[in-house]
Amino acid sequence: MQKISEILKNISFKKNKNSLFIILLIGVMLLLFNKMLLSDGNKNEKSLNKQSCEYEKNEDASEKKLEEILGKIDGTGRVSVMITYDNSKEYVTIADTKSSISDKGGDDKKDVSNERNTVMVKNSSEQTPFIKNEINPKVRGVLVVCDGAKNDKVKLNLKKAVCAALNVELHKVEIMPMKGK
């Protein structure tokens, strides 16, 4: 504590105006750098939101495609399909990782630090994370509502078709009759 007070007494701000100016300049630069980092984070958030919207469109497309195929099975009539999933699509990104180990003095104390930065790809005016792999969600269950569900043979054919198309177990598929017009 005494050393700090001695150093402060020895500093003459009149002689060191340049030092004060440099410290102030560094502070302003740090504030600007922080603001740039925060704005990049917002761009990443927007790109992930865009990807989740695309995923929801793909879910709807899967249901429509399944409805179209099931509607071609003999005796089904009108068909409506709902697919539920355990979770949403996951994206695996690539990151640069830097690790450093510094010696903290005696007694074998070491400080380990890891820094992880996601690799970004620039597409026109925005940056998005580089996606290494996409993991599709697991199907939790399928509900099919159709006109021909009262016929046991049609019901069995629909269950087999859904199991084959989505690679789900038979007990996760329900076929229900559609109410009359």
# chains A, B, ... in the order shown; residues from 1 in each chain; ligands from 1
$ residues_around --residues "range 58-75 of chain A" --least-positions-apart "2" --cutoff "12 Å" --atoms "only C-alpha atoms" --output "mmCIF file with all heavy atoms, in the first residue's frame"
data_model
loop_
_atom_site.group_PDB
_atom_site.id
_atom_site.type_symbol
_atom_site.label_atom_id
_atom_site.label_comp_id
_atom_site.auth_asym_id
_atom_site.auth_seq_id
_atom_site.Cartn_x
_atom_site.Cartn_y
_atom_site.Cartn_z
ATOM 1 N N GLN A 51 -32.261 -19.197 -39.072
ATOM 2 C CA GLN A 51 -32.128 -20.637 -39.246
ATOM 3 C C GLN A 51 -33.273 -21.377 -38.562
ATOM 4 O O GLN A 51 -33.768 -22.375 -39.078
ATOM 5 C CB GLN A 51 -30.784 -21.110 -38.693
ATOM 6 C CG GLN A 51 -29.614 -20.671 -39.538
ATOM 7 C CD GLN A 51 -28.288 -20.982 -38.869
ATOM 8 O OE1 GLN A 51 -28.217 -21.293 -37.700
ATOM 9 N NE2 GLN A 51 -27.221 -20.879 -39.651
ATOM 10 N N SER A 52 -33.723 -20.897 -37.400
ATOM 11 C CA SER A 52 -34.823 -21.583 -36.722
ATOM 12 C C SER A 52 -36.128 -21.409 -37.490
ATOM 13 O O SER A 52 -36.958 -22.307 -37.504
ATOM 14 C CB SER A 52 -34.968 -21.090 -35.277
ATOM 15 O OG SER A 52 -35.413 -19.763 -35.242
ATOM 16 N N CYS A 53 -36.316 -20.261 -38.159
ATOM 17 C CA CYS A 53 -37.504 -20.072 -39.002
ATOM 18 C C CYS A 53 -37.477 -21.042 -40.178
ATOM 19 O O CYS A 53 -38.502 -21.615 -40.542
ATOM 20 C CB CYS A 53 -37.580 -18.641 -39.514
ATOM 21 S SG CYS A 53 -38.027 -17.458 -38.237
ATOM 22 N N GLU A 54 -36.292 -21.233 -40.762
ATOM 23 C CA GLU A 54 -36.150 -22.184 -41.862
ATOM 24 C C GLU A 54 -36.465 -23.589 -41.383
ATOM 25 O O GLU A 54 -37.081 -24.380 -42.099
ATOM 26 C CB GLU A 54 -34.731 -22.132 -42.430
ATOM 27 C CG GLU A 54 -34.428 -20.868 -43.203
ATOM 28 C CD GLU A 54 -32.975 -20.773 -43.622
ATOM 29 O OE1 GLU A 54 -32.230 -21.773 -43.495
ATOM 30 O OE2 GLU A 54 -32.584 -19.693 -44.076
ATOM 31 N N TYR A 55 -36.083 -23.920 -40.157
ATOM 32 C CA TYR A 55 -36.352 -25.238 -39.600
ATOM 33 C C TYR A 55 -37.854 -25.461 -39.480
ATOM 34 O O TYR A 55 -38.364 -26.533 -39.817
ATOM 35 C CB TYR A 55 -35.673 -25.392 -38.237
ATOM 36 C CG TYR A 55 -36.115 -26.623 -37.503
ATOM 37 C CD1 TYR A 55 -35.736 -27.881 -37.942
ATOM 38 C CD2 TYR A 55 -36.946 -26.537 -36.403
ATOM 39 C CE1 TYR A 55 -36.172 -29.024 -37.297
ATOM 40 C CE2 TYR A 55 -37.379 -27.670 -35.751
ATOM 41 C CZ TYR A 55 -36.988 -28.906 -36.202
ATOM 42 O OH TYR A 55 -37.421 -30.026 -35.570
ATOM 43 N N GLU A 56 -38.596 -24.451 -38.988
ATOM 44 C CA GLU A 56 -40.043 -24.582 -38.861
ATOM 45 C C GLU A 56 -40.696 -24.789 -40.223
ATOM 46 O O GLU A 56 -41.639 -25.570 -40.349
ATOM 47 C CB GLU A 56 -40.626 -23.358 -38.163
ATOM 48 C CG GLU A 56 -40.270 -23.300 -36.689
ATOM 49 C CD GLU A 56 -40.680 -22.001 -36.026
ATOM 50 O OE1 GLU A 56 -41.378 -21.180 -36.650
ATOM 51 O OE2 GLU A 56 -40.284 -21.804 -34.865
ATOM 52 N N GLY A 77 -58.425 -41.755 -48.346
ATOM 53 C CA GLY A 77 -59.254 -40.547 -48.474
ATOM 54 C C GLY A 77 -58.468 -39.315 -48.080
ATOM 55 O O GLY A 77 -57.274 -39.208 -48.326
ATOM 56 N N ARG A 78 -59.159 -38.362 -47.406
ATOM 57 C CA ARG A 78 -58.475 -37.139 -46.942
ATOM 58 C C ARG A 78 -57.528 -37.495 -45.804
ATOM 59 O O ARG A 78 -57.861 -38.293 -44.934
ATOM 60 C CB ARG A 78 -59.485 -36.107 -46.454
ATOM 61 C CG ARG A 78 -60.412 -35.578 -47.525
ATOM 62 C CD ARG A 78 -61.446 -34.641 -46.940
ATOM 63 N NE ARG A 78 -62.295 -35.374 -45.992
ATOM 64 C CZ ARG A 78 -62.886 -34.841 -44.926
ATOM 65 N NH1 ARG A 78 -62.750 -33.565 -44.672
ATOM 66 N NH2 ARG A 78 -63.637 -35.572 -44.140
ATOM 67 N N VAL A 79 -56.343 -36.844 -45.787
ATOM 68 C CA VAL A 79 -55.328 -37.154 -44.781
ATOM 69 C C VAL A 79 -54.793 -35.854 -44.177
ATOM 70 O O VAL A 79 -54.562 -34.878 -44.880
ATOM 71 C CB VAL A 79 -54.139 -37.939 -45.398
ATOM 72 C CG1 VAL A 79 -53.071 -38.212 -44.351
ATOM 73 C CG2 VAL A 79 -54.610 -39.223 -46.028
ATOM 74 N N SER A 80 -54.587 -35.884 -42.862
ATOM 75 C CA SER A 80 -53.936 -34.782 -42.155
ATOM 76 C C SER A 80 -52.886 -35.397 -41.230
ATOM 77 O O SER A 80 -53.152 -36.407 -40.570
ATOM 78 C CB SER A 80 -54.964 -33.992 -41.354
ATOM 79 O OG SER A 80 -54.356 -32.901 -40.733
ATOM 80 N N VAL A 81 -51.683 -34.783 -41.182
ATOM 81 C CA VAL A 81 -50.570 -35.357 -40.415
ATOM 82 C C VAL A 81 -50.004 -34.312 -39.456
ATOM 83 O O VAL A 81 -49.877 -33.140 -39.801
ATOM 84 C CB VAL A 81 -49.437 -35.841 -41.356
ATOM 85 C CG1 VAL A 81 -48.223 -36.292 -40.573
ATOM 86 C CG2 VAL A 81 -49.930 -36.958 -42.255
ATOM 87 N N MET A 82 -49.646 -34.772 -38.242
ATOM 88 C CA MET A 82 -48.915 -33.932 -37.292
ATOM 89 C C MET A 82 -47.733 -34.734 -36.778
ATOM 90 O O MET A 82 -47.887 -35.873 -36.328
ATOM 91 C CB MET A 82 -49.805 -33.522 -36.119
ATOM 92 C CG MET A 82 -49.093 -32.580 -35.159
ATOM 93 S SD MET A 82 -50.162 -32.006 -33.839
ATOM 94 C CE MET A 82 -49.813 -33.228 -32.609
ATOM 95 N N ILE A 83 -46.543 -34.143 -36.868
ATOM 96 C CA ILE A 83 -45.319 -34.787 -36.382
ATOM 97 C C ILE A 83 -44.806 -33.968 -35.206
ATOM 98 O O ILE A 83 -44.693 -32.745 -35.300
ATOM 99 C CB ILE A 83 -44.231 -34.843 -37.482
ATOM 100 C CG1 ILE A 83 -44.765 -35.546 -38.732
ATOM 101 C CG2 ILE A 83 -42.980 -35.525 -36.953
ATOM 102 C CD1 ILE A 83 -43.824 -35.461 -39.923
ATOM 103 N N THR A 84 -44.502 -34.635 -34.087
ATOM 104 C CA THR A 84 -43.890 -33.941 -32.948
ATOM 105 C C THR A 84 -42.459 -34.435 -32.785
ATOM 106 O O THR A 84 -42.150 -35.601 -33.065
ATOM 107 C CB THR A 84 -44.672 -34.182 -31.641
ATOM 108 O OG1 THR A 84 -44.768 -35.588 -31.411
ATOM 109 C CG2 THR A 84 -46.058 -33.575 -31.717
ATOM 110 N N TYR A 85 -41.603 -33.536 -32.334
ATOM 111 C CA TYR A 85 -40.176 -33.817 -32.200
ATOM 112 C C TYR A 85 -39.731 -33.635 -30.753
ATOM 113 O O TYR A 85 -40.321 -32.866 -29.999
ATOM 114 C CB TYR A 85 -39.372 -32.879 -33.097
ATOM 115 C CG TYR A 85 -39.695 -33.025 -34.567
ATOM 116 C CD1 TYR A 85 -40.657 -32.233 -35.177
ATOM 117 C CD2 TYR A 85 -39.040 -33.966 -35.353
ATOM 118 C CE1 TYR A 85 -40.959 -32.369 -36.525
ATOM 119 C CE2 TYR A 85 -39.333 -34.105 -36.694
ATOM 120 C CZ TYR A 85 -40.292 -33.307 -37.274
ATOM 121 O OH TYR A 85 -40.591 -33.445 -38.599
ATOM 122 N N ASN A 87 -36.839 -32.307 -29.796
ATOM 123 C CA ASN A 87 -36.174 -31.018 -29.671
ATOM 124 C C ASN A 87 -36.111 -30.370 -31.048
ATOM 125 O O ASN A 87 -36.744 -30.849 -31.982
ATOM 126 C CB ASN A 87 -34.771 -31.190 -29.071
ATOM 127 C CG ASN A 87 -33.958 -32.246 -29.789
ATOM 128 O OD1 ASN A 87 -34.278 -32.647 -30.898
ATOM 129 N ND2 ASN A 87 -32.898 -32.706 -29.175
ATOM 130 N N SER A 88 -35.343 -29.328 -31.183
ATOM 131 C CA SER A 88 -35.220 -28.694 -32.490
ATOM 132 C C SER A 88 -33.893 -29.110 -33.130
ATOM 133 O O SER A 88 -33.069 -29.779 -32.512
ATOM 134 C CB SER A 88 -35.284 -27.173 -32.349
ATOM 135 O OG SER A 88 -34.226 -26.716 -31.544
ATOM 136 N N LYS A 89 -33.708 -28.694 -34.360
ATOM 137 C CA LYS A 89 -32.483 -29.021 -35.081
ATOM 138 C C LYS A 89 -31.295 -28.371 -34.384
ATOM 139 O O LYS A 89 -31.386 -27.239 -33.918
ATOM 140 C CB LYS A 89 -32.588 -28.502 -36.520
ATOM 141 C CG LYS A 89 -31.403 -28.867 -37.392
ATOM 142 C CD LYS A 89 -31.571 -28.324 -38.796
ATOM 143 C CE LYS A 89 -32.136 -29.402 -39.661
ATOM 144 N NZ LYS A 89 -32.159 -29.035 -41.073
ATOM 145 N N ASN A 136 -30.526 -33.453 -37.080
ATOM 146 C CA ASN A 136 -31.982 -33.390 -37.149
ATOM 147 C C ASN A 136 -32.587 -33.928 -35.862
ATOM 148 O O ASN A 136 -32.048 -34.851 -35.246
ATOM 149 C CB ASN A 136 -32.503 -34.182 -38.350
ATOM 150 C CG ASN A 136 -32.193 -33.490 -39.646
ATOM 151 O OD1 ASN A 136 -32.289 -32.272 -39.756
ATOM 152 N ND2 ASN A 136 -31.803 -34.256 -40.645
ATOM 153 N N PRO A 137 -33.725 -33.375 -35.459
ATOM 154 C CA PRO A 137 -34.338 -33.823 -34.210
ATOM 155 C C PRO A 137 -34.946 -35.219 -34.345
ATOM 156 O O PRO A 137 -35.281 -35.658 -35.439
ATOM 157 C CB PRO A 137 -35.438 -32.789 -33.975
ATOM 158 C CG PRO A 137 -35.770 -32.287 -35.324
ATOM 159 C CD PRO A 137 -34.488 -32.320 -36.102
ATOM 160 N N VAL A 139 -37.900 -37.867 -33.913
ATOM 161 C CA VAL A 139 -39.363 -37.827 -33.943
ATOM 162 C C VAL A 139 -39.903 -38.448 -32.659
ATOM 163 O O VAL A 139 -39.531 -39.557 -32.283
ATOM 164 C CB VAL A 139 -39.913 -38.581 -35.179
ATOM 165 C CG1 VAL A 139 -41.432 -38.637 -35.140
ATOM 166 C CG2 VAL A 139 -39.442 -37.917 -36.460
ATOM 167 N N VAL A 142 -46.188 -39.456 -34.190
ATOM 168 C CA VAL A 142 -46.873 -39.036 -35.409
ATOM 169 C C VAL A 142 -48.354 -39.341 -35.242
ATOM 170 O O VAL A 142 -48.735 -40.436 -34.826
ATOM 171 C CB VAL A 142 -46.323 -39.790 -36.649
ATOM 172 C CG1 VAL A 142 -47.028 -39.315 -37.916
ATOM 173 C CG2 VAL A 142 -44.823 -39.612 -36.776
ATOM 174 N N LEU A 143 -49.171 -38.341 -35.582
ATOM 175 C CA LEU A 143 -50.616 -38.514 -35.572
ATOM 176 C C LEU A 143 -51.109 -38.342 -37.002
ATOM 177 O O LEU A 143 -50.811 -37.355 -37.660
ATOM 178 C CB LEU A 143 -51.286 -37.475 -34.669
ATOM 179 C CG LEU A 143 -52.812 -37.448 -34.680
ATOM 180 C CD1 LEU A 143 -53.370 -38.769 -34.156
ATOM 181 C CD2 LEU A 143 -53.326 -36.279 -33.871
ATOM 182 N N VAL A 144 -51.855 -39.349 -37.470
ATOM 183 C CA VAL A 144 -52.447 -39.301 -38.809
ATOM 184 C C VAL A 144 -53.949 -39.385 -38.646
ATOM 185 O O VAL A 144 -54.459 -40.305 -37.991
ATOM 186 C CB VAL A 144 -51.935 -40.467 -39.698
ATOM 187 C CG1 VAL A 144 -52.600 -40.426 -41.062
ATOM 188 C CG2 VAL A 144 -50.425 -40.438 -39.818
ATOM 189 N N VAL A 145 -54.642 -38.414 -39.204
ATOM 190 C CA VAL A 145 -56.108 -38.408 -39.185
ATOM 191 C C VAL A 145 -56.561 -38.535 -40.633
ATOM 192 O O VAL A 145 -56.129 -37.759 -41.487
ATOM 193 C CB VAL A 145 -56.652 -37.107 -38.560
ATOM 194 C CG1 VAL A 145 -58.162 -37.111 -38.553
ATOM 195 C CG2 VAL A 145 -56.099 -36.917 -37.158
ATOM 196 N N CYS A 146 -57.398 -39.559 -40.907
ATOM 197 C CA CYS A 146 -57.839 -39.748 -42.295
ATOM 198 C C CYS A 146 -59.224 -40.392 -42.343
ATOM 199 O O CYS A 146 -59.699 -40.952 -41.359
ATOM 200 C CB CYS A 146 -56.826 -40.579 -43.072
ATOM 201 S SG CYS A 146 -56.763 -42.295 -42.599
ATOM 202 N N ASP A 147 -59.830 -40.296 -43.518
ATOM 203 C CA ASP A 147 -61.178 -40.846 -43.724
ATOM 204 C C ASP A 147 -61.210 -42.367 -43.584
ATOM 205 O O ASP A 147 -62.155 -42.923 -43.036
ATOM 206 C CB ASP A 147 -61.696 -40.465 -45.125
ATOM 207 C CG ASP A 147 -62.050 -38.992 -45.221
ATOM 208 O OD1 ASP A 147 -62.491 -38.417 -44.214
ATOM 209 O OD2 ASP A 147 -61.875 -38.420 -46.312
ATOM 210 N N GLY A 148 -60.166 -43.041 -44.062
ATOM 211 C CA GLY A 148 -60.184 -44.507 -44.114
ATOM 212 C C GLY A 148 -59.684 -45.193 -42.865
ATOM 213 O O GLY A 148 -59.473 -46.412 -42.863
ATOM 214 N N ALA A 149 -59.500 -44.468 -41.757
ATOM 215 C CA ALA A 149 -58.914 -45.057 -40.547
ATOM 216 C C ALA A 149 -59.825 -46.057 -39.849
ATOM 217 O O ALA A 149 -59.373 -46.788 -38.973
ATOM 218 C CB ALA A 149 -58.512 -43.952 -39.576
ATOM 219 N N LYS A 150 -61.089 -46.127 -40.227
ATOM 220 C CA LYS A 150 -61.996 -47.102 -39.605
ATOM 221 C C LYS A 150 -61.739 -48.506 -40.136
ATOM 222 O O LYS A 150 -62.092 -49.493 -39.496
ATOM 223 C CB LYS A 150 -63.447 -46.693 -39.838
ATOM 224 C CG LYS A 150 -63.817 -45.443 -39.072
ATOM 225 C CD LYS A 150 -65.246 -45.038 -39.301
ATOM 226 C CE LYS A 150 -65.547 -43.772 -38.519
ATOM 227 N NZ LYS A 150 -66.874 -43.255 -38.782
ATOM 228 N N ASN A 151 -61.100 -48.612 -41.288
ATOM 229 C CA ASN A 151 -60.758 -49.901 -41.889
ATOM 230 C C ASN A 151 -59.400 -50.340 -41.320
ATOM 231 O O ASN A 151 -58.390 -49.644 -41.452
ATOM 232 C CB ASN A 151 -60.689 -49.741 -43.408
ATOM 233 C CG ASN A 151 -60.383 -51.030 -44.133
ATOM 234 O OD1 ASN A 151 -59.705 -51.914 -43.617
ATOM 235 N ND2 ASN A 151 -60.878 -51.135 -45.359
ATOM 236 N N ASP A 152 -59.362 -51.521 -40.681
ATOM 237 C CA ASP A 152 -58.139 -52.003 -40.034
ATOM 238 C C ASP A 152 -56.993 -52.218 -41.021
ATOM 239 O O ASP A 152 -55.826 -51.970 -40.687
ATOM 240 C CB ASP A 152 -58.406 -53.305 -39.272
ATOM 241 C CG ASP A 152 -59.209 -53.058 -38.001
ATOM 242 O OD1 ASP A 152 -59.158 -51.920 -37.486
ATOM 243 O OD2 ASP A 152 -59.868 -54.008 -37.525
ATOM 244 N N LYS A 153 -57.280 -52.665 -42.226
ATOM 245 C CA LYS A 153 -56.227 -52.893 -43.226
ATOM 246 C C LYS A 153 -55.602 -51.554 -43.637
ATOM 247 O O LYS A 153 -54.370 -51.448 -43.728
ATOM 248 C CB LYS A 153 -56.811 -53.615 -44.444
ATOM 249 C CG LYS A 153 -55.763 -53.984 -45.467
ATOM 250 C CD LYS A 153 -56.346 -54.782 -46.610
ATOM 251 C CE LYS A 153 -55.237 -55.103 -47.604
ATOM 252 N NZ LYS A 153 -55.719 -55.817 -48.758
ATOM 253 N N VAL A 154 -56.413 -50.531 -43.849
ATOM 254 C CA VAL A 154 -55.900 -49.201 -44.207
ATOM 255 C C VAL A 154 -55.066 -48.647 -43.053
ATOM 256 O O VAL A 154 -53.981 -48.088 -43.257
ATOM 257 C CB VAL A 154 -57.059 -48.235 -44.557
ATOM 258 C CG1 VAL A 154 -56.562 -46.807 -44.734
ATOM 259 C CG2 VAL A 154 -57.780 -48.708 -45.813
ATOM 260 N N LYS A 155 -55.558 -48.838 -41.840
ATOM 261 C CA LYS A 155 -54.866 -48.353 -40.648
ATOM 262 C C LYS A 155 -53.467 -48.987 -40.543
ATOM 263 O O LYS A 155 -52.471 -48.297 -40.278
ATOM 264 C CB LYS A 155 -55.702 -48.697 -39.415
ATOM 265 C CG LYS A 155 -55.437 -47.882 -38.211
ATOM 266 C CD LYS A 155 -56.488 -48.235 -37.142
ATOM 267 C CE LYS A 155 -56.398 -47.296 -35.983
ATOM 268 N NZ LYS A 155 -57.421 -47.552 -34.971
ATOM 269 N N LEU A 156 -53.382 -50.291 -40.757
ATOM 270 C CA LEU A 156 -52.106 -50.996 -40.696
ATOM 271 C C LEU A 156 -51.157 -50.509 -41.798
ATOM 272 O O LEU A 156 -49.967 -50.279 -41.540
ATOM 273 C CB LEU A 156 -52.322 -52.511 -40.805
ATOM 274 C CG LEU A 156 -51.059 -53.365 -40.716
ATOM 275 C CD1 LEU A 156 -50.371 -53.177 -39.367
ATOM 276 C CD2 LEU A 156 -51.387 -54.821 -40.963
ATOM 277 N N ASN A 157 -51.689 -50.358 -43.008
ATOM 278 C CA ASN A 157 -50.861 -49.858 -44.114
ATOM 279 C C ASN A 157 -50.319 -48.456 -43.832
ATOM 280 O O ASN A 157 -49.155 -48.154 -44.129
ATOM 281 C CB ASN A 157 -51.649 -49.862 -45.428
ATOM 282 C CG ASN A 157 -51.852 -51.258 -45.970
ATOM 283 O OD1 ASN A 157 -51.117 -52.182 -45.630
ATOM 284 N ND2 ASN A 157 -52.875 -51.424 -46.807
ATOM 285 N N LEU A 158 -51.147 -47.597 -43.232
ATOM 286 C CA LEU A 158 -50.700 -46.249 -42.890
ATOM 287 C C LEU A 158 -49.595 -46.281 -41.834
ATOM 288 O O LEU A 158 -48.593 -45.569 -41.947
ATOM 289 C CB LEU A 158 -51.880 -45.408 -42.390
ATOM 290 C CG LEU A 158 -52.873 -44.930 -43.447
ATOM 291 C CD1 LEU A 158 -54.104 -44.336 -42.792
ATOM 292 C CD2 LEU A 158 -52.222 -43.918 -44.375
ATOM 293 N N LYS A 159 -49.784 -47.117 -40.824
ATOM 294 C CA LYS A 159 -48.758 -47.221 -39.770
ATOM 295 C C LYS A 159 -47.429 -47.701 -40.343
ATOM 296 O O LYS A 159 -46.368 -47.161 -40.025
ATOM 297 C CB LYS A 159 -49.216 -48.181 -38.658
ATOM 298 C CG LYS A 159 -50.106 -47.545 -37.645
ATOM 299 C CD LYS A 159 -50.254 -48.433 -36.420
ATOM 300 C CE LYS A 159 -51.015 -47.693 -35.348
ATOM 301 N NZ LYS A 159 -50.832 -48.271 -34.034
ATOM 302 N N LYS A 160 -47.479 -48.715 -41.197
ATOM 303 C CA LYS A 160 -46.252 -49.227 -41.817
ATOM 304 C C LYS A 160 -45.582 -48.156 -42.671
ATOM 305 O O LYS A 160 -44.350 -48.015 -42.653
ATOM 306 C CB LYS A 160 -46.561 -50.458 -42.675
ATOM 307 C CG LYS A 160 -46.850 -51.706 -41.895
ATOM 308 C CD LYS A 160 -47.128 -52.872 -42.858
ATOM 309 C CE LYS A 160 -47.391 -54.159 -42.155
ATOM 310 N NZ LYS A 160 -47.657 -55.261 -43.098
ATOM 311 N N ALA A 161 -46.381 -47.410 -43.416
ATOM 312 C CA ALA A 161 -45.827 -46.366 -44.285
ATOM 313 C C ALA A 161 -45.162 -45.262 -43.468
ATOM 314 O O ALA A 161 -44.063 -44.802 -43.801
ATOM 315 C CB ALA A 161 -46.928 -45.780 -45.174
ATOM 316 N N VAL A 162 -45.799 -44.834 -42.389
ATOM 317 C CA VAL A 162 -45.225 -43.784 -41.543
ATOM 318 C C VAL A 162 -43.933 -44.273 -40.889
ATOM 319 O O VAL A 162 -42.931 -43.552 -40.847
ATOM 320 C CB VAL A 162 -46.244 -43.323 -40.473
ATOM 321 C CG1 VAL A 162 -45.587 -42.414 -39.451
ATOM 322 C CG2 VAL A 162 -47.416 -42.606 -41.127
ATOM 323 N N CYS A 163 -43.943 -45.507 -40.391
ATOM 324 C CA CYS A 163 -42.740 -46.070 -39.760
ATOM 325 C C CYS A 163 -41.576 -46.132 -40.744
ATOM 326 O O CYS A 163 -40.436 -45.822 -40.391
ATOM 327 C CB CYS A 163 -43.023 -47.459 -39.204
ATOM 328 S SG CYS A 163 -44.122 -47.451 -37.784
ATOM 329 N N ALA A 164 -41.874 -46.520 -41.966
ATOM 330 C CA ALA A 164 -40.824 -46.615 -42.980
ATOM 331 C C ALA A 164 -40.329 -45.232 -43.397
ATOM 332 O O ALA A 164 -39.122 -45.015 -43.561
ATOM 333 C CB ALA A 164 -41.343 -47.376 -44.198
ATOM 334 N N ALA A 165 -41.240 -44.282 -43.549
ATOM 335 C CA ALA A 165 -40.859 -42.953 -44.031
ATOM 336 C C ALA A 165 -40.060 -42.158 -43.000
ATOM 337 O O ALA A 165 -39.116 -41.448 -43.352
ATOM 338 C CB ALA A 165 -42.108 -42.168 -44.430
ATOM 339 N N LEU A 166 -40.410 -42.279 -41.729
ATOM 340 C CA LEU A 166 -39.773 -41.466 -40.693
ATOM 341 C C LEU A 166 -38.840 -42.245 -39.775
ATOM 342 O O LEU A 166 -38.267 -41.662 -38.855
ATOM 343 C CB LEU A 166 -40.849 -40.766 -39.847
ATOM 344 C CG LEU A 166 -41.763 -39.798 -40.605
ATOM 345 C CD1 LEU A 166 -42.819 -39.245 -39.668
ATOM 346 C CD2 LEU A 166 -40.962 -38.681 -41.236
ATOM 347 N N ILE A 175 -53.174 -43.639 -35.671
ATOM 348 C CA ILE A 175 -54.053 -43.392 -36.819
ATOM 349 C C ILE A 175 -55.469 -43.217 -36.280
ATOM 350 O O ILE A 175 -55.979 -44.107 -35.585
ATOM 351 C CB ILE A 175 -54.019 -44.558 -37.828
ATOM 352 C CG1 ILE A 175 -52.590 -45.002 -38.145
ATOM 353 C CG2 ILE A 175 -54.811 -44.190 -39.076
ATOM 354 C CD1 ILE A 175 -51.747 -43.988 -38.876
#
$ atom_distance --atom1 "CA of Thr93 in chain A" --atom2 "CA of Arg140 in chain A"
25.4 Å
$ atom_distance --atom1 "CA of Lys132 in chain A" --atom2 "CA of Val112 in chain A"
27.5 Å
$ select_by_dssp --residues "range 44-159 of chain A" --states "alpha helix (DSSP H)" --output "MDAnalysis selection string"
chainID A and resid 44:70 152:159
